[in-house]
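Just query23.txt here, compact mmCIF, N, CA and C atoms:
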# COMPACT_ATOMS: atom_id res chain seq x y z
N MET X 622 -8.38 -1.83 27.12
CA MET X 622 -9.27 -1.40 26.07
C MET X 622 -10.46 -2.38 26.03
N PRO X 623 -11.59 -2.05 26.63
CA PRO X 623 -12.69 -3.00 26.69
C PRO X 623 -13.32 -3.25 25.32
N THR X 624 -13.71 -4.49 25.10
CA THR X 624 -14.44 -4.83 23.88
C THR X 624 -15.65 -5.66 24.28
N LYS X 625 -16.68 -5.58 23.50
CA LYS X 625 -17.89 -6.37 23.76
C LYS X 625 -17.76 -7.76 23.15
N THR X 626 -17.07 -7.87 22.01
CA THR X 626 -16.89 -9.15 21.34
C THR X 626 -15.49 -9.19 20.75
N ASN X 627 -15.15 -10.34 20.18
CA ASN X 627 -13.84 -10.46 19.52
C ASN X 627 -13.86 -9.85 18.12
N ARG X 628 -14.95 -9.16 17.78
CA ARG X 628 -15.06 -8.47 16.49
C ARG X 628 -15.01 -6.96 16.66
N GLU X 629 -14.70 -6.47 17.86
CA GLU X 629 -14.76 -5.03 18.12
C GLU X 629 -13.44 -4.50 18.68
N ILE X 630 -13.15 -3.26 18.29
CA ILE X 630 -12.06 -2.48 18.88
C ILE X 630 -12.73 -1.27 19.50
N TYR X 631 -12.44 -1.03 20.77
CA TYR X 631 -13.12 0.04 21.51
C TYR X 631 -12.11 0.92 22.21
N ASN X 632 -12.28 2.23 22.06
CA ASN X 632 -11.47 3.22 22.77
C ASN X 632 -12.39 4.29 23.30
N GLU X 633 -12.06 4.85 24.45
CA GLU X 633 -12.83 5.97 24.99
C GLU X 633 -11.91 6.91 25.73
N ARG X 634 -12.37 8.15 25.86
CA ARG X 634 -11.61 9.15 26.59
C ARG X 634 -12.57 10.19 27.14
N ILE X 635 -12.25 10.70 28.32
CA ILE X 635 -12.98 11.82 28.90
C ILE X 635 -12.23 13.09 28.52
N LEU X 636 -12.95 14.01 27.88
CA LEU X 636 -12.38 15.28 27.42
C LEU X 636 -12.88 16.42 28.30
N LYS X 637 -12.03 17.37 28.54
CA LYS X 637 -12.42 18.54 29.33
C LYS X 637 -13.00 19.60 28.41
N ALA X 638 -14.20 19.31 27.90
CA ALA X 638 -14.90 20.22 26.99
C ALA X 638 -16.37 19.82 26.99
N PRO X 639 -17.26 20.80 26.78
CA PRO X 639 -18.69 20.47 26.72
C PRO X 639 -19.00 19.64 25.47
N VAL X 640 -20.07 18.85 25.55
CA VAL X 640 -20.42 17.94 24.47
C VAL X 640 -20.66 18.67 23.15
N ASP X 641 -21.25 19.87 23.18
CA ASP X 641 -21.51 20.57 21.92
C ASP X 641 -20.20 20.96 21.24
N LYS X 642 -19.17 21.26 22.00
CA LYS X 642 -17.87 21.59 21.42
C LYS X 642 -17.19 20.35 20.83
N VAL X 643 -17.28 19.24 21.54
CA VAL X 643 -16.68 18.00 21.05
C VAL X 643 -17.38 17.55 19.78
N TYR X 644 -18.72 17.65 19.78
CA TYR X 644 -19.46 17.26 18.58
C TYR X 644 -19.13 18.18 17.40
N GLN X 645 -19.00 19.46 17.65
CA GLN X 645 -18.64 20.42 16.60
C GLN X 645 -17.26 20.09 16.01
N ALA X 646 -16.34 19.62 16.84
CA ALA X 646 -15.01 19.24 16.36
C ALA X 646 -15.09 18.08 15.38
N PHE X 647 -16.12 17.23 15.53
CA PHE X 647 -16.31 16.14 14.57
C PHE X 647 -17.16 16.58 13.38
N SER X 648 -18.25 17.25 13.64
CA SER X 648 -19.23 17.53 12.58
C SER X 648 -18.81 18.63 11.62
N ASN X 649 -17.84 19.45 12.00
CA ASN X 649 -17.34 20.52 11.13
C ASN X 649 -16.05 20.02 10.45
N PRO X 650 -16.11 19.78 9.13
CA PRO X 650 -14.93 19.21 8.46
C PRO X 650 -13.66 20.05 8.58
N SER X 651 -13.79 21.37 8.75
CA SER X 651 -12.58 22.18 8.89
C SER X 651 -11.85 21.86 10.20
N HIS X 652 -12.56 21.41 11.21
CA HIS X 652 -11.91 20.95 12.46
C HIS X 652 -11.53 19.48 12.35
N LEU X 653 -12.44 18.67 11.83
CA LEU X 653 -12.22 17.22 11.76
C LEU X 653 -10.94 16.89 10.99
N LYS X 654 -10.70 17.59 9.88
CA LYS X 654 -9.50 17.27 9.09
C LYS X 654 -8.21 17.55 9.85
N GLU X 655 -8.29 18.39 10.89
CA GLU X 655 -7.10 18.72 11.68
C GLU X 655 -6.72 17.64 12.69
N TRP X 656 -7.70 16.81 13.09
CA TRP X 656 -7.39 15.82 14.12
C TRP X 656 -7.66 14.38 13.72
N TRP X 657 -8.32 14.15 12.61
CA TRP X 657 -8.67 12.78 12.24
C TRP X 657 -7.43 12.03 11.79
N GLY X 658 -7.21 10.86 12.36
CA GLY X 658 -6.09 10.01 11.98
C GLY X 658 -4.96 10.06 13.00
N PRO X 659 -4.00 9.18 12.83
CA PRO X 659 -2.87 9.10 13.75
C PRO X 659 -1.99 10.35 13.71
N GLU X 660 -1.15 10.46 14.70
CA GLU X 660 -0.19 11.56 14.81
C GLU X 660 0.65 11.64 13.54
N GLY X 661 0.80 12.84 13.02
CA GLY X 661 1.63 13.06 11.85
C GLY X 661 0.89 12.96 10.52
N TYR X 662 -0.33 12.47 10.54
CA TYR X 662 -1.12 12.35 9.31
C TYR X 662 -1.84 13.65 9.00
N THR X 663 -2.06 13.90 7.71
CA THR X 663 -2.91 15.00 7.26
C THR X 663 -4.01 14.40 6.40
N ASN X 664 -5.03 15.21 6.14
CA ASN X 664 -6.19 14.72 5.41
C ASN X 664 -6.57 15.66 4.28
N THR X 665 -7.04 15.07 3.21
CA THR X 665 -7.72 15.81 2.15
C THR X 665 -9.13 15.23 2.09
N PHE X 666 -10.12 16.05 2.43
CA PHE X 666 -11.51 15.61 2.37
C PHE X 666 -12.04 15.86 0.97
N HIS X 667 -12.64 14.85 0.37
CA HIS X 667 -13.25 14.97 -0.94
C HIS X 667 -14.76 15.19 -0.81
N GLU X 668 -15.36 14.55 0.18
CA GLU X 668 -16.80 14.69 0.42
C GLU X 668 -17.06 14.39 1.89
N PHE X 669 -17.93 15.18 2.50
CA PHE X 669 -18.33 14.96 3.89
C PHE X 669 -19.78 15.41 4.02
N ASP X 670 -20.69 14.48 3.79
CA ASP X 670 -22.13 14.75 3.79
C ASP X 670 -22.73 14.07 5.01
N LEU X 671 -22.71 14.79 6.13
CA LEU X 671 -23.08 14.23 7.44
C LEU X 671 -24.60 14.12 7.56
N ARG X 672 -25.12 13.05 6.98
CA ARG X 672 -26.55 12.71 7.09
C ARG X 672 -26.67 11.23 6.78
N PRO X 673 -27.73 10.56 7.25
CA PRO X 673 -27.89 9.15 6.91
C PRO X 673 -27.89 8.97 5.39
N GLY X 674 -27.04 8.06 4.91
CA GLY X 674 -26.88 7.83 3.49
C GLY X 674 -25.86 8.73 2.84
N GLY X 675 -25.38 9.75 3.56
CA GLY X 675 -24.36 10.65 3.03
C GLY X 675 -23.00 9.98 2.95
N LYS X 676 -22.16 10.46 2.06
CA LYS X 676 -20.84 9.88 1.85
C LYS X 676 -19.76 10.70 2.54
N TRP X 677 -18.73 9.98 2.99
CA TRP X 677 -17.52 10.61 3.51
C TRP X 677 -16.36 9.95 2.78
N SER X 678 -15.64 10.74 2.00
CA SER X 678 -14.45 10.22 1.34
C SER X 678 -13.28 11.17 1.61
N LEU X 679 -12.15 10.58 1.87
CA LEU X 679 -10.96 11.36 2.18
C LEU X 679 -9.72 10.57 1.82
N THR X 680 -8.63 11.29 1.69
CA THR X 680 -7.31 10.69 1.54
C THR X 680 -6.52 11.07 2.78
N MET X 681 -6.01 10.05 3.46
CA MET X 681 -5.11 10.28 4.60
C MET X 681 -3.69 10.20 4.07
N HIS X 682 -2.89 11.20 4.42
CA HIS X 682 -1.50 11.29 3.97
C HIS X 682 -0.59 11.01 5.17
N SER X 683 0.21 9.97 5.05
CA SER X 683 1.09 9.61 6.16
C SER X 683 2.34 10.48 6.16
N PRO X 684 3.06 10.50 7.28
CA PRO X 684 4.33 11.26 7.33
C PRO X 684 5.36 10.74 6.32
N THR X 685 5.21 9.49 5.88
CA THR X 685 6.15 8.92 4.90
C THR X 685 5.68 9.15 3.47
N LYS X 686 4.65 9.99 3.30
CA LYS X 686 4.11 10.37 1.99
C LYS X 686 3.24 9.29 1.35
N ALA X 687 2.89 8.23 2.10
CA ALA X 687 1.93 7.24 1.59
C ALA X 687 0.53 7.84 1.68
N ASN X 688 -0.33 7.48 0.75
CA ASN X 688 -1.71 7.96 0.73
C ASN X 688 -2.66 6.79 0.94
N TYR X 689 -3.67 7.01 1.78
CA TYR X 689 -4.65 5.98 2.09
C TYR X 689 -6.04 6.53 1.80
N GLU X 690 -6.69 5.91 0.82
CA GLU X 690 -8.04 6.32 0.44
C GLU X 690 -9.05 5.70 1.41
N ASN X 691 -10.00 6.51 1.86
CA ASN X 691 -11.04 6.06 2.78
C ASN X 691 -12.39 6.47 2.22
N ALA X 692 -13.33 5.54 2.23
CA ALA X 692 -14.68 5.85 1.78
C ALA X 692 -15.67 5.20 2.73
N SER X 693 -16.70 5.95 3.08
CA SER X 693 -17.71 5.46 4.02
C SER X 693 -19.07 6.05 3.68
N ILE X 694 -20.11 5.41 4.21
CA ILE X 694 -21.47 5.92 4.10
C ILE X 694 -22.04 6.04 5.51
N PHE X 695 -22.49 7.25 5.84
CA PHE X 695 -23.07 7.48 7.16
C PHE X 695 -24.38 6.72 7.32
N LYS X 696 -24.58 6.14 8.50
CA LYS X 696 -25.80 5.40 8.81
C LYS X 696 -26.67 6.17 9.80
N THR X 697 -26.11 6.53 10.93
CA THR X 697 -26.87 7.15 12.01
C THR X 697 -26.24 8.49 12.37
N ILE X 698 -27.07 9.51 12.46
CA ILE X 698 -26.60 10.83 12.92
C ILE X 698 -27.57 11.28 14.02
N ARG X 699 -27.11 11.26 15.24
CA ARG X 699 -27.88 11.82 16.37
C ARG X 699 -26.98 12.87 17.00
N PRO X 700 -27.15 14.14 16.60
CA PRO X 700 -26.23 15.19 17.04
C PRO X 700 -25.97 15.16 18.55
N GLN X 701 -24.70 15.26 18.88
CA GLN X 701 -24.20 15.29 20.25
C GLN X 701 -24.43 13.98 21.00
N LYS X 702 -24.80 12.92 20.25
CA LYS X 702 -25.03 11.60 20.86
C LYS X 702 -24.25 10.49 20.15
N LEU X 703 -24.53 10.33 18.84
CA LEU X 703 -23.97 9.19 18.11
C LEU X 703 -23.87 9.48 16.62
N VAL X 704 -22.73 9.10 16.05
CA VAL X 704 -22.55 9.11 14.60
C VAL X 704 -22.01 7.72 14.24
N SER X 705 -22.63 7.09 13.23
CA SER X 705 -22.11 5.79 12.79
C SER X 705 -22.03 5.76 11.28
N TRP X 706 -21.12 4.94 10.78
CA TRP X 706 -20.96 4.77 9.35
C TRP X 706 -20.43 3.38 9.04
N SER X 707 -20.58 3.01 7.77
CA SER X 707 -20.00 1.77 7.25
C SER X 707 -18.92 2.16 6.26
N ARG X 708 -17.75 1.58 6.44
CA ARG X 708 -16.67 1.80 5.47
C ARG X 708 -16.94 0.98 4.23
N THR X 709 -16.70 1.59 3.09
CA THR X 709 -16.85 0.90 1.82
C THR X 709 -15.49 0.64 1.18
N SER X 710 -14.42 1.12 1.83
CA SER X 710 -13.05 0.82 1.40
C SER X 710 -12.44 -0.12 2.44
N HIS X 711 -11.40 -0.83 2.02
CA HIS X 711 -10.78 -1.80 2.93
C HIS X 711 -9.85 -1.12 3.91
N PRO X 712 -9.81 -1.59 5.15
CA PRO X 712 -10.58 -2.72 5.67
C PRO X 712 -12.05 -2.31 5.92
N ILE X 713 -12.94 -3.27 5.71
CA ILE X 713 -14.37 -3.04 5.87
C ILE X 713 -14.74 -3.21 7.34
N PHE X 714 -15.42 -2.22 7.90
CA PHE X 714 -15.96 -2.32 9.26
C PHE X 714 -16.99 -1.22 9.44
N ASP X 715 -17.78 -1.35 10.49
CA ASP X 715 -18.70 -0.28 10.90
C ASP X 715 -18.05 0.48 12.03
N MET X 716 -18.30 1.78 12.06
CA MET X 716 -17.71 2.65 13.08
C MET X 716 -18.82 3.38 13.80
N GLU X 717 -18.71 3.45 15.12
CA GLU X 717 -19.62 4.25 15.94
C GLU X 717 -18.80 5.19 16.79
N ILE X 718 -19.19 6.46 16.77
CA ILE X 718 -18.60 7.43 17.69
C ILE X 718 -19.72 7.93 18.59
N ALA X 719 -19.57 7.70 19.88
CA ALA X 719 -20.57 8.13 20.85
C ALA X 719 -20.03 9.34 21.61
N PHE X 720 -20.92 10.28 21.87
CA PHE X 720 -20.62 11.50 22.62
C PHE X 720 -21.51 11.48 23.84
N GLU X 721 -20.93 11.44 25.03
CA GLU X 721 -21.73 11.40 26.26
C GLU X 721 -21.39 12.60 27.14
N LYS X 722 -22.40 13.42 27.38
CA LYS X 722 -22.21 14.57 28.28
C LYS X 722 -22.10 14.04 29.70
N LEU X 723 -20.98 14.33 30.35
CA LEU X 723 -20.79 13.94 31.74
C LEU X 723 -21.25 15.05 32.68
N ASN X 724 -20.92 16.28 32.28
CA ASN X 724 -21.39 17.48 32.98
C ASN X 724 -21.18 18.64 32.02
N ASP X 725 -21.35 19.87 32.47
CA ASP X 725 -21.26 21.02 31.56
C ASP X 725 -19.87 21.23 30.96
N SER X 726 -18.85 20.62 31.55
CA SER X 726 -17.50 20.86 31.05
C SER X 726 -16.71 19.58 30.73
N GLU X 727 -17.38 18.44 30.73
CA GLU X 727 -16.69 17.19 30.40
C GLU X 727 -17.58 16.31 29.51
N THR X 728 -16.91 15.65 28.57
CA THR X 728 -17.58 14.76 27.63
C THR X 728 -16.77 13.49 27.51
N GLN X 729 -17.47 12.37 27.47
CA GLN X 729 -16.80 11.11 27.14
C GLN X 729 -17.06 10.83 25.67
N ILE X 730 -15.98 10.59 24.92
CA ILE X 730 -16.09 10.20 23.52
C ILE X 730 -15.62 8.76 23.43
N SER X 731 -16.29 7.98 22.58
CA SER X 731 -15.84 6.60 22.38
C SER X 731 -15.88 6.26 20.90
N PHE X 732 -14.94 5.42 20.52
CA PHE X 732 -14.87 4.86 19.16
C PHE X 732 -15.13 3.37 19.30
N ARG X 733 -16.03 2.85 18.48
CA ARG X 733 -16.25 1.40 18.42
C ARG X 733 -16.16 0.99 16.94
N MET X 734 -15.17 0.16 16.64
CA MET X 734 -14.98 -0.39 15.30
C MET X 734 -15.50 -1.82 15.34
N ILE X 735 -16.45 -2.14 14.45
CA ILE X 735 -17.11 -3.44 14.47
C ILE X 735 -16.86 -4.15 13.14
N PHE X 736 -16.21 -5.30 13.22
CA PHE X 736 -15.82 -6.08 12.04
C PHE X 736 -16.70 -7.31 11.89
N ASP X 737 -16.86 -7.77 10.66
CA ASP X 737 -17.59 -9.02 10.42
C ASP X 737 -16.77 -10.22 10.85
N CYS X 738 -15.47 -10.13 10.66
CA CYS X 738 -14.58 -11.28 10.86
C CYS X 738 -13.65 -11.05 12.06
N PRO X 739 -13.67 -11.96 13.04
CA PRO X 739 -12.76 -11.82 14.19
C PRO X 739 -11.29 -11.78 13.79
N ASN X 740 -10.91 -12.54 12.76
CA ASN X 740 -9.50 -12.56 12.34
C ASN X 740 -9.06 -11.20 11.82
N THR X 741 -9.90 -10.56 11.02
CA THR X 741 -9.58 -9.22 10.52
C THR X 741 -9.47 -8.25 11.68
N CYS X 742 -10.40 -8.35 12.61
CA CYS X 742 -10.37 -7.47 13.78
C CYS X 742 -9.06 -7.63 14.55
N GLU X 743 -8.65 -8.85 14.77
CA GLU X 743 -7.42 -9.09 15.54
C GLU X 743 -6.19 -8.53 14.83
N LYS X 744 -6.15 -8.67 13.50
CA LYS X 744 -5.01 -8.12 12.74
C LYS X 744 -4.95 -6.61 12.87
N ILE X 745 -6.10 -5.96 12.85
CA ILE X 745 -6.15 -4.50 12.89
C ILE X 745 -6.02 -3.96 14.31
N ARG X 746 -6.48 -4.73 15.30
CA ARG X 746 -6.42 -4.31 16.70
C ARG X 746 -5.01 -3.91 17.13
N VAL X 747 -4.02 -4.62 16.61
CA VAL X 747 -2.62 -4.39 17.00
C VAL X 747 -2.23 -2.92 16.84
N PHE X 748 -2.65 -2.30 15.74
CA PHE X 748 -2.28 -0.91 15.52
C PHE X 748 -3.45 0.05 15.70
N ALA X 749 -4.69 -0.37 15.44
CA ALA X 749 -5.82 0.56 15.49
C ALA X 749 -6.11 1.07 16.90
N GLY X 750 -6.01 0.20 17.89
CA GLY X 750 -6.26 0.64 19.27
C GLY X 750 -5.35 1.80 19.66
N PRO X 751 -4.04 1.64 19.54
CA PRO X 751 -3.13 2.75 19.86
C PRO X 751 -3.31 3.96 18.95
N LYS X 752 -3.59 3.74 17.67
CA LYS X 752 -3.78 4.87 16.75
C LYS X 752 -5.06 5.64 17.09
N ASN X 753 -6.10 4.96 17.57
CA ASN X 753 -7.30 5.66 18.01
C ASN X 753 -6.97 6.59 19.18
N GLU X 754 -6.07 6.16 20.04
CA GLU X 754 -5.65 7.02 21.16
C GLU X 754 -4.94 8.27 20.63
N GLU X 755 -4.16 8.11 19.55
CA GLU X 755 -3.53 9.28 18.93
C GLU X 755 -4.58 10.23 18.36
N ASN X 756 -5.67 9.67 17.80
CA ASN X 756 -6.79 10.52 17.36
C ASN X 756 -7.30 11.36 18.51
N PHE X 757 -7.51 10.73 19.66
CA PHE X 757 -8.01 11.46 20.82
C PHE X 757 -7.02 12.54 21.26
N ASP X 758 -5.72 12.24 21.21
CA ASP X 758 -4.70 13.24 21.55
C ASP X 758 -4.83 14.44 20.62
N ARG X 759 -4.98 14.17 19.34
CA ARG X 759 -5.09 15.25 18.35
C ARG X 759 -6.38 16.04 18.54
N LEU X 760 -7.47 15.34 18.89
CA LEU X 760 -8.73 16.02 19.16
C LEU X 760 -8.58 16.98 20.34
N GLU X 761 -7.92 16.54 21.40
CA GLU X 761 -7.70 17.41 22.56
C GLU X 761 -6.95 18.67 22.16
N LYS X 762 -5.99 18.56 21.25
CA LYS X 762 -5.24 19.73 20.79
C LYS X 762 -6.09 20.66 19.92
N GLU X 763 -7.07 20.10 19.20
CA GLU X 763 -7.92 20.90 18.31
C GLU X 763 -9.06 21.60 19.06
N LEU X 764 -9.51 21.04 20.18
CA LEU X 764 -10.67 21.59 20.89
C LEU X 764 -10.56 23.08 21.22
N PRO X 765 -9.39 23.60 21.61
CA PRO X 765 -9.33 25.05 21.88
C PRO X 765 -9.64 25.91 20.65
N ASN X 766 -9.52 25.35 19.44
CA ASN X 766 -9.81 26.10 18.21
C ASN X 766 -11.28 26.06 17.81
N VAL X 767 -12.08 25.29 18.53
CA VAL X 767 -13.50 25.12 18.19
C VAL X 767 -14.32 26.14 18.94
N GLU X 768 -15.09 26.91 18.18
CA GLU X 768 -15.99 27.90 18.78
C GLU X 768 -17.41 27.37 18.71
N ILE X 769 -18.16 27.60 19.79
CA ILE X 769 -19.55 27.15 19.81
C ILE X 769 -20.49 28.33 20.02
What do you get writing this file as structure tokens?
Amino acid sequence: MPTKTNREIYNERILKAPVDKVYQAFSNPSHLKEWWGPEGYTNTFHEFDLRPGGKWSLTMHSPTKANYENASIFKTIRPQKLVSWSRTSHPIFDMEIAFEKLNDSETQISFRMIFDCPNTCEKIRVFAGPKNEENFDRLEKELPNVEI
């Protein structure tokens, strides 16, 4: 799992889908709620305003019935290229999702989590790296349901 610094967690995957379909799976909350989070989690979206300064708030429900509140503010929206946000709930970090068209039928997606503190990053890296891979697994399962 390559990282640029000791403050980053990075995951990427090549998906067998065109970039517009992969981006739609993220930008459309009815699809995003189906794959966002680790395996077995479900989501309740409270707000999803995909624009710079827009808010994203959701509750992630674990298989053990624990609830995790998440709140973020979108920073950058470049459709089919990059979406970034800052989390305003703990743990605090910035998130970047990059969408790279490889060809007409393949897209590389990457997650970059950027923390202020290397110690916080290291504590979260233990589980976040593998859980991000579960996100990608769930995204691959949702892609056939996305119409473009």
Name the residues within 8 Å of (-10.9, 4.9, 25.8), counting only N, CA and C atoms in the file's coordinates, and put them as an MDAnalysis selection string. chainID X and resid 622:623 631:635 730:732 753:754
Polymer residues at most 8 Å from region 686-691 of chain X, only C-alpha atoms, same-chain spacing of 4 or more positions, as JSON, numbers by chain: {"X": [677, 678, 679, 680, 681, 682, 708, 709, 710, 711]}
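For Arg672 (chain X), the residues within 6.5 Å (counting all atoms listed in the file, excluding itself and residues fewer than 5 positions away along the chain) are Phe695, Lys696, Thr697 and Ile698 of chain X.
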For CA of Gln645 (chain X) and CA of Gly750 (chain X), the interatomic separation in Å (one decimal):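 That distance, rounded to one decimal, is 23.5 Å.
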Point out the residue among X:Pro673, X:Pro684, X:Pro639, X:Gly658 with the least atom-to-atom distance to Asn756 (chain X), counting all atoms listed in the file. X:Gly658
Expressed in Å to a single decimal, how great is the separation between CA of Trp706 (chain X) and atom N of Ser726 (chain X)?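 Atom N of Ser726 (chain X) lies 27.4 Å from CA of Trp706 (chain X).
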Using only N, CA and C atoms: which of X:Ala719, X:Val640, X:Ala646, X:Ile630 has the shortest distance to Leu760 (chain X): X:Ala646
Check the smallest atom-to-atom distance from each of X:Asp737, X:Val767, X:Asp670, X:Tyr662 to Thr685 (chain X) using only C-alpha atoms, then report the winner. X:Tyr662
Using only N, CA and C atoms, which protein or nucleic acid residues come within 6 Å of Glu721 (chain X)? Drop anything in the same chain fewer than 6 positions from it, and give the result as JSON, numbers by chain. {"X": [701, 702, 727, 728, 729, 730]}
Generate the output file for the selected residues, N, CA and C atoms, as a short mmCIF file (atom, residue, chain, number, x, y, z; two decimals), keeping the file's coordinate frame.
data_model
loop_
_atom_site.label_atom_id
_atom_site.label_comp_id
_atom_site.auth_asym_id
_atom_site.auth_seq_id
_atom_site.Cartn_x
_atom_site.Cartn_y
_atom_site.Cartn_z
N GLN X 701 -24.70 15.26 18.88
CA GLN X 701 -24.20 15.29 20.25
C GLN X 701 -24.43 13.98 21.00
N LYS X 702 -24.80 12.92 20.25
CA LYS X 702 -25.03 11.60 20.86
C LYS X 702 -24.25 10.49 20.15
N GLU X 727 -17.38 18.44 30.73
CA GLU X 727 -16.69 17.19 30.40
C GLU X 727 -17.58 16.31 29.51
N THR X 728 -16.91 15.65 28.57
CA THR X 728 -17.58 14.76 27.63
C THR X 728 -16.77 13.49 27.51
N GLN X 729 -17.47 12.37 27.47
CA GLN X 729 -16.80 11.11 27.14
C GLN X 729 -17.06 10.83 25.67
N ILE X 730 -15.98 10.59 24.92
CA ILE X 730 -16.09 10.20 23.52
C ILE X 730 -15.62 8.76 23.43
#
Using all atoms listed in the file, pick whichever of X:Lys676, X:Asp725, X:Lys642, X:Met734 has the shortest atom-to-atom distance to Ile769 (chain X). X:Lys642
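Picture a line from atom C of Phe666 (chain X) to atom N of Ile735 (chain X); it runs 22.9 Å.
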Using only N, CA and C atoms, can you tell me which of X:Ser707, X:Asn627, X:Pro650, X:Pro712 comes closest to Phe669 (chain X)?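 That would be X:Pro650, the residue with the smallest distance to Phe669 (chain X).
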Where does DSSP see strand (DSSP E or B) in chain X, if you list the residues as a ChimeraX atom specification? /X:629-636,663-669,676-682,688-699,703-708,715-724,727-735
Would you mind completing region 751-766 of chain X so that it carries N, CA, C and O atoms, and writing it out as a CSV table (one decimal), keeping the file's coordinate frame?
chain,number,residue,atom,x,y,z
X,751,PRO,N,-4.0,1.6,19.5
X,751,PRO,CA,-3.1,2.8,19.9
X,751,PRO,C,-3.3,4.0,19.0
X,751,PRO,O,-3.2,5.1,19.4
X,752,LYS,N,-3.6,3.7,17.7
X,752,LYS,CA,-3.8,4.9,16.8
X,752,LYS,C,-5.1,5.6,17.1
X,752,LYS,O,-5.1,6.9,16.9
X,753,ASN,N,-6.1,5.0,17.6
X,753,ASN,CA,-7.3,5.7,18.0
X,753,ASN,C,-7.0,6.6,19.2
X,753,ASN,O,-7.5,7.7,19.3
X,754,GLU,N,-6.1,6.2,20.0
X,754,GLU,CA,-5.6,7.0,21.2
X,754,GLU,C,-4.9,8.3,20.6
X,754,GLU,O,-5.1,9.4,21.2
X,755,GLU,N,-4.2,8.1,19.6
X,755,GLU,CA,-3.5,9.3,18.9
X,755,GLU,C,-4.6,10.2,18.4
X,755,GLU,O,-4.4,11.4,18.4
X,756,ASN,N,-5.7,9.7,17.8
X,756,ASN,CA,-6.8,10.5,17.4
X,756,ASN,C,-7.3,11.4,18.5
X,756,ASN,O,-7.5,12.6,18.4
X,757,PHE,N,-7.5,10.7,19.7
X,757,PHE,CA,-8.0,11.5,20.8
X,757,PHE,C,-7.0,12.5,21.3
X,757,PHE,O,-7.4,13.7,21.6
X,758,ASP,N,-5.7,12.2,21.2
X,758,ASP,CA,-4.7,13.2,21.6
X,758,ASP,C,-4.8,14.4,20.6
X,758,ASP,O,-4.8,15.6,21.1
X,759,ARG,N,-5.0,14.2,19.3
X,759,ARG,CA,-5.1,15.2,18.4
X,759,ARG,C,-6.4,16.0,18.5
X,759,ARG,O,-6.4,17.3,18.4
X,760,LEU,N,-7.5,15.3,18.9
X,760,LEU,CA,-8.7,16.0,19.2
X,760,LEU,C,-8.6,17.0,20.3
X,760,LEU,O,-9.0,18.1,20.3
X,761,GLU,N,-7.9,16.5,21.4
X,761,GLU,CA,-7.7,17.4,22.6
X,761,GLU,C,-7.0,18.7,22.2
X,761,GLU,O,-7.2,19.8,22.7
X,762,LYS,N,-6.0,18.6,21.2
X,762,LYS,CA,-5.2,19.7,20.8
X,762,LYS,C,-6.1,20.7,19.9
X,762,LYS,O,-5.9,21.9,19.9
X,763,GLU,N,-7.1,20.1,19.2
X,763,GLU,CA,-7.9,20.9,18.3
X,763,GLU,C,-9.1,21.6,19.1
X,763,GLU,O,-9.5,22.7,18.6
X,764,LEU,N,-9.5,21.0,20.2
X,764,LEU,CA,-10.7,21.6,20.9
X,764,LEU,C,-10.6,23.1,21.2
X,764,LEU,O,-11.6,23.8,21.1
X,765,PRO,N,-9.4,23.6,21.6
X,765,PRO,CA,-9.3,25.0,21.9
X,765,PRO,C,-9.6,25.9,20.6
X,765,PRO,O,-10.0,27.1,20.8
X,766,ASN,N,-9.5,25.4,19.4
X,766,ASN,CA,-9.8,26.1,18.2
X,766,ASN,C,-11.3,26.1,17.8
X,766,ASN,O,-11.7,26.7,16.9
